Amino acid sequence: MDYRKLGRTGWQVSEVSFGAWGIGGDWGPVRDQESLAALHKALDLGVNLIDTADVYGDGRSETLVGQVLRDRPGERIYVATKAGRRLSPHMADGYNRENLTAFVERSLGNLGVEAIDLLQLHCPPTEVYYRPEVFGVLDDLVAAGKLRYYGVSVEKVEEALKAIEYPDVQTVQIIFNMLRHRPAKLFFREATARQVGILARVPLASGLLTGKMSADTTFPESDHRNYNRQGEAFDVGETFAGVPFEVGLMAVDELRRLVPEGASMAQMALRWVLMFDAVTCTIPGAKRPSQAAENVAASELPPLSQATMAAVRDVYDRLIKPHVHQRW
């Protein structure tokens, strides 16, 4: 495992880290013992950052992460969680001192810790980024010892660029994968200049970039890939990276020809993300130990060739760009 500096925090974090959305149960049924085994496998293989959120399984994911922290006393495991999506309705006015403080206290209890390593606003409405008082609340929570650092998780490049204007935003989590290229332009340059860490999320485009799906693939009712195809529950960009499923399958058919010998398509997709120096880490999910091990192995792949990188850009430009580039 290779490690990269996370912004200005001074932390060195695993370039392939662990995304804990799936173990909350929002990607179909899961078994907690298997989820715990996946977390332990990832940590055994060098992962030292886990990304979760208070709404993943309504606290189930955070509670599992807290169990792992207790199982491994003395190890420095960084935990990033998120707050804001518990609001109903999910509106900018809800990002106030009372609500944010309550969300933080709940996460502290779920995780069983005295301070949250990294709290991220969880894809708030765009208007929130134009309210300095929200970030003032986060500053106060840091001063109170409830948070060590804070950042944001965003849907849009516009939101990412606005967020990093606030001097104490340490990290931005943004969708970036072979089907979503736009962050690599202006945003990566600006984030690097400000020494802001980048967590690349949805790196496998909700599983599309594993190469294991077909037009006949079905998903459980509890899986957002079933119920959020058109953005019915939350931003459609979270599901298959916003790419229409059939179009995504066409792109994958072309991309699979680029997979290096001895690697899986998922590993190539993760290695593609890591080709960008601005990225601190990518956070693929894993519900089973075998998935965690496969993800981690992407860190050991040699760099992709310039020919491969050019071929990925060509697929994006021809098939994907019209569907996603200007939306996010």
# chains A, B, ... in the order shown; residues from 1 in each chain; ligands from 1
$ closest_atom_pairs --of "region 251-322 of chain A" --to "region 153-177 of chain A" --cutoff "8 Å" --atoms "only C-alpha atoms" --output "JSON lines"
{"residue": "A:Ala269", "atom": "CA", "partner": "A:Asn177", "partner_atom": "CA", "distance": 7.1}
{"residue": "A:Leu270", "atom": "CA", "partner": "A:Asn177", "partner_atom": "CA", "distance": 7.9}
{"residue": "A:Trp272", "atom": "CA", "partner": "A:Asn177", "partner_atom": "CA", "distance": 7.6}
{"residue": "A:Val273", "atom": "CA", "partner": "A:Asn177", "partner_atom": "CA", "distance": 6.1}
$ write_last_selection --atoms "N, CA and C atoms" --output "PDB file, in the first residue's frame"
ATOM      1  N   ALA A 269      -9.798   0.441 -12.954  1.00  0.00           N
ATOM      2  CA  ALA A 269     -10.564   1.660 -12.700  1.00  0.00           C
ATOM      3  C   ALA A 269     -10.005   2.413 -11.492  1.00  0.00           C
ATOM      4  N   LEU A 270      -9.628   1.684 -10.454  1.00  0.00           N
ATOM      5  CA  LEU A 270      -9.040   2.327  -9.274  1.00  0.00           C
ATOM      6  C   LEU A 270      -7.661   2.891  -9.597  1.00  0.00           C
ATOM      7  N   TRP A 272      -6.663   3.941 -12.436  1.00  0.00           N
ATOM      8  CA  TRP A 272      -6.867   5.138 -13.260  1.00  0.00           C
ATOM      9  C   TRP A 272      -7.044   6.364 -12.360  1.00  0.00           C
ATOM     10  N   VAL A 273      -7.849   6.242 -11.327  1.00  0.00           N
ATOM     11  CA  VAL A 273      -8.058   7.358 -10.406  1.00  0.00           C
ATOM     12  C   VAL A 273      -6.731   7.776  -9.768  1.00  0.00           C
TER      13      VAL A 273
END
$ residues_around --residues "region 21-29 of chain A" --least-positions-apart "5" --cutoff "6 Å" --atoms "only C-alpha atoms" --output "list in words"
Ser35, Tyr56, Gly57, Arg60, Ser61, Pro220, Ser222, Asp223 and Lys287 of chain A
$ write_last_selection --atoms "N, CA and C atoms" --output "short mmCIF file (atom, residue, chain, number, x, y, z; two decimals), in the first residue's frame"
data_model
loop_
_atom_site.label_atom_id
_atom_site.label_comp_id
_atom_site.auth_asym_id
_atom_site.auth_seq_id
_atom_site.Cartn_x
_atom_site.Cartn_y
_atom_site.Cartn_z
N SER A 35 -19.40 -7.89 7.02
CA SER A 35 -18.96 -6.50 6.88
C SER A 35 -17.77 -6.23 7.78
N TYR A 56 -25.80 6.15 6.52
CA TYR A 56 -25.58 4.84 5.91
C TYR A 56 -26.15 3.78 6.84
N GLY A 57 -27.33 3.28 6.43
CA GLY A 57 -28.02 2.32 7.29
C GLY A 57 -28.52 2.95 8.58
N ARG A 60 -25.99 2.31 11.08
CA ARG A 60 -25.45 0.95 11.08
C ARG A 60 -23.98 0.93 10.68
N SER A 61 -23.65 1.67 9.62
CA SER A 61 -22.27 1.70 9.15
C SER A 61 -21.34 2.30 10.19
N PRO A 220 -31.59 -5.67 -5.82
CA PRO A 220 -32.63 -5.78 -4.79
C PRO A 220 -33.40 -4.47 -4.62
N SER A 222 -33.89 -2.81 -2.02
CA SER A 222 -33.21 -1.90 -1.09
C SER A 222 -31.94 -1.29 -1.66
N ASP A 223 -31.60 -1.60 -2.89
CA ASP A 223 -30.38 -1.14 -3.55
C ASP A 223 -30.69 0.11 -4.36
N LYS A 287 -18.15 -5.24 0.68
CA LYS A 287 -19.04 -5.91 1.63
C LYS A 287 -18.49 -7.26 2.07
#
$ residues_around --residues "Cys123 (chain A)" --least-positions-apart "2" --cutoff "9 Å" --atoms "only C-alpha atoms" --output "JSON, numbers by chain"
{"A": [82, 83, 84, 85, 120, 121, 125, 126, 152, 153, 154, 155]}
$ write_last_selection --atoms "N, CA and C atoms" --output "mmCIF file, in the first residue's frame"
data_model
loop_
_atom_site.group_PDB
_atom_site.id
_atom_site.type_symbol
_atom_site.label_atom_id
_atom_site.label_comp_id
_atom_site.auth_asym_id
_atom_site.auth_seq_id
_atom_site.Cartn_x
_atom_site.Cartn_y
_atom_site.Cartn_z
ATOM 1 N N LYS A 82 -19.903 11.839 7.855
ATOM 2 C CA LYS A 82 -20.602 12.944 7.189
ATOM 3 C C LYS A 82 -21.860 13.284 7.964
ATOM 4 N N ALA A 83 -22.327 14.511 7.767
ATOM 5 C CA ALA A 83 -23.525 14.976 8.449
ATOM 6 C C ALA A 83 -24.330 15.887 7.533
ATOM 7 N N GLY A 84 -25.633 15.834 7.702
ATOM 8 C CA GLY A 84 -26.527 16.732 6.972
ATOM 9 C C GLY A 84 -27.678 16.038 6.286
ATOM 10 N N ARG A 85 -27.461 14.816 5.840
ATOM 11 C CA ARG A 85 -28.511 14.147 5.069
ATOM 12 C C ARG A 85 -29.631 13.592 5.940
ATOM 13 N N GLN A 120 -17.498 15.665 7.307
ATOM 14 C CA GLN A 120 -17.760 16.248 5.994
ATOM 15 C C GLN A 120 -19.239 16.609 5.877
ATOM 16 N N LEU A 121 -19.526 17.817 5.457
ATOM 17 C CA LEU A 121 -20.903 18.140 5.116
ATOM 18 C C LEU A 121 -21.322 17.221 3.971
ATOM 19 N N PRO A 125 -27.307 21.272 -0.036
ATOM 20 C CA PRO A 125 -27.748 22.124 -1.146
ATOM 21 C C PRO A 125 -26.671 23.156 -1.478
ATOM 22 N N THR A 126 -26.592 23.520 -2.728
ATOM 23 C CA THR A 126 -25.553 24.446 -3.181
ATOM 24 C C THR A 126 -25.520 25.723 -2.355
ATOM 25 N N VAL A 152 -15.870 18.702 3.019
ATOM 26 C CA VAL A 152 -17.181 18.627 2.383
ATOM 27 C C VAL A 152 -17.212 17.447 1.419
ATOM 28 N N SER A 153 -18.404 16.943 1.223
ATOM 29 C CA SER A 153 -18.664 15.996 0.145
ATOM 30 C C SER A 153 -19.621 16.696 -0.807
ATOM 31 N N VAL A 154 -19.278 16.740 -2.070
ATOM 32 C CA VAL A 154 -20.020 17.584 -3.018
ATOM 33 C C VAL A 154 -20.576 16.757 -4.175
ATOM 34 N N GLU A 155 -21.567 17.356 -4.819
ATOM 35 C CA GLU A 155 -22.080 16.800 -6.076
ATOM 36 C C GLU A 155 -21.421 17.475 -7.284
#
$ select_by_dssp --residues "region 116-281 of chain A" --states "helix (DSSP H, G or I)" --output "VMD selection string"
chain A and resid 126 to 130 132 to 143 157 to 163 182 to 184 186 to 193 205 to 210 224 to 227 236 to 238 240 to 242 245 to 258 265 to 274
$ residues_around --residues "Thr217 (chain A)" --least-positions-apart "6" --cutoff "12 Å" --atoms "only C-alpha atoms" --output "compact mmCIF listing (two decimals) with N, CA and C atoms, in the first residue's frame"
# COMPACT_ATOMS: atom_id res chain seq x y z
N GLY A 207 -20.45 0.08 -9.38
CA GLY A 207 -20.22 -1.29 -9.85
C GLY A 207 -20.15 -1.44 -11.35
N LEU A 208 -20.55 -0.43 -12.10
CA LEU A 208 -20.46 -0.52 -13.56
C LEU A 208 -19.04 -0.84 -14.00
N GLY A 211 -17.11 -4.30 -14.59
CA GLY A 211 -17.25 -5.09 -15.81
C GLY A 211 -18.09 -6.33 -15.63
N ARG A 225 -29.35 1.27 -6.80
CA ARG A 225 -29.22 1.05 -8.24
C ARG A 225 -30.53 0.54 -8.83
N ASN A 226 -31.46 0.21 -7.97
CA ASN A 226 -32.81 -0.16 -8.40
C ASN A 226 -33.75 1.04 -8.30
N PHE A 245 -27.70 3.62 -17.61
CA PHE A 245 -27.14 2.28 -17.45
C PHE A 245 -26.72 1.66 -18.78
N GLU A 246 -27.58 1.79 -19.78
CA GLU A 246 -27.28 1.16 -21.07
C GLU A 246 -26.06 1.81 -21.73
N LEU A 249 -22.94 0.55 -20.01
CA LEU A 249 -22.55 -0.78 -20.46
C LEU A 249 -21.79 -0.72 -21.78
$ closest_residue --among "A:Ala263, A:Ala191, A:Ala241, A:Met178" --to "Asp314 (chain A)" --atoms "only C-alpha atoms"
A:Met178
$ select_by_dssp --residues "region 19-133 of chain A" --states "strand (DSSP E)" --output "PyMOL selection string"
chain A and resi 19+49-51+78-83+116-122
$ closest_residue --among "A:Val134, A:Ile320, A:Leu258, A:Ala20" --to "Ala53 (chain A)" --atoms "only C-alpha atoms"
A:Ala20
$ closest_residue --among "A:Asn295, A:Thr308, A:Ser88, A:Gln230" --to "Leu43 (chain A)" --atoms "only C-alpha atoms"
A:Asn295
$ closest_residue --among "A:Met250, A:Pro183, A:Ile198, A:Ser14" --to "Ala215 (chain A)" --atoms "only C-alpha atoms"
A:Met250
$ residues_around --residues "region 98-100 of chain A" --least-positions-apart "5" --cutoff "12 Å" --atoms "only C-alpha atoms" --output "number ranges by chain"
A: 54, 82-88, 90-93, 105-107, 119-122, 133-141, 146-147
$ atom_distance --atom1 "CA of Thr52 (chain A)" --atom2 "CA of Ala266 (chain A)"
20.9 Å
$ closest_residue --among "A:Gly151, A:Pro322, A:Gly74, A:Gly262" --to "Leu179 (chain A)" --atoms "only C-alpha atoms"
A:Pro322
$ closest_residue --among "A:Asn228, A:Gln33, A:Thr101, A:Gln326" --to "Arg180 (chain A)" --atoms "only C-alpha atoms"
A:Gln326
$ atom_distance --atom1 "CA of Glu221 (chain A)" --atom2 "CA of Gly94 (chain A)"
29.3 Å
$ decode --residues "region 1-32 of chain A" --atoms "C-alpha atoms" --output "short mmCIF file (atom, residue, chain, number, x, y, z; two decimals), in the first residue's frame"
data_model
loop_
_atom_site.label_atom_id
_atom_site.label_comp_id
_atom_site.auth_asym_id
_atom_site.auth_seq_id
_atom_site.Cartn_x
_atom_site.Cartn_y
_atom_site.Cartn_z
CA MET A 1 0.00 0.00 0.00
CA ASP A 2 1.20 3.47 -0.86
CA TYR A 3 0.24 6.48 1.26
CA ARG A 4 -0.42 10.09 0.35
CA LYS A 5 -0.61 13.30 2.37
CA LEU A 6 -4.16 14.36 3.19
CA GLY A 7 -4.17 18.08 2.56
CA ARG A 8 -2.84 20.13 5.47
CA THR A 9 -3.81 17.62 8.16
CA GLY A 10 -0.35 16.07 8.37
CA TRP A 11 -1.92 12.61 7.96
CA GLN A 12 -0.52 10.03 5.57
CA VAL A 13 -3.48 7.95 4.39
CA SER A 14 -3.76 4.84 2.27
CA GLU A 15 -4.29 5.74 -1.37
CA VAL A 16 -6.92 2.99 -1.53
CA SER A 17 -9.12 3.46 1.51
CA PHE A 18 -12.46 1.94 2.55
CA GLY A 19 -15.87 3.30 1.60
CA ALA A 20 -18.44 2.13 4.14
CA TRP A 21 -21.70 3.02 2.36
CA GLY A 22 -22.35 -0.55 1.26
CA ILE A 23 -22.03 -2.10 4.72
CA GLY A 24 -24.88 0.12 5.89
CA GLY A 25 -27.26 -1.93 3.74
CA ASP A 26 -28.09 0.63 1.06
CA TRP A 27 -26.66 -1.62 -1.66
CA GLY A 28 -28.78 -4.64 -0.90
CA PRO A 29 -28.71 -7.07 2.05
CA VAL A 30 -25.53 -7.37 4.13
CA ARG A 31 -24.46 -9.42 7.12
CA ASP A 32 -22.70 -7.52 9.87
#
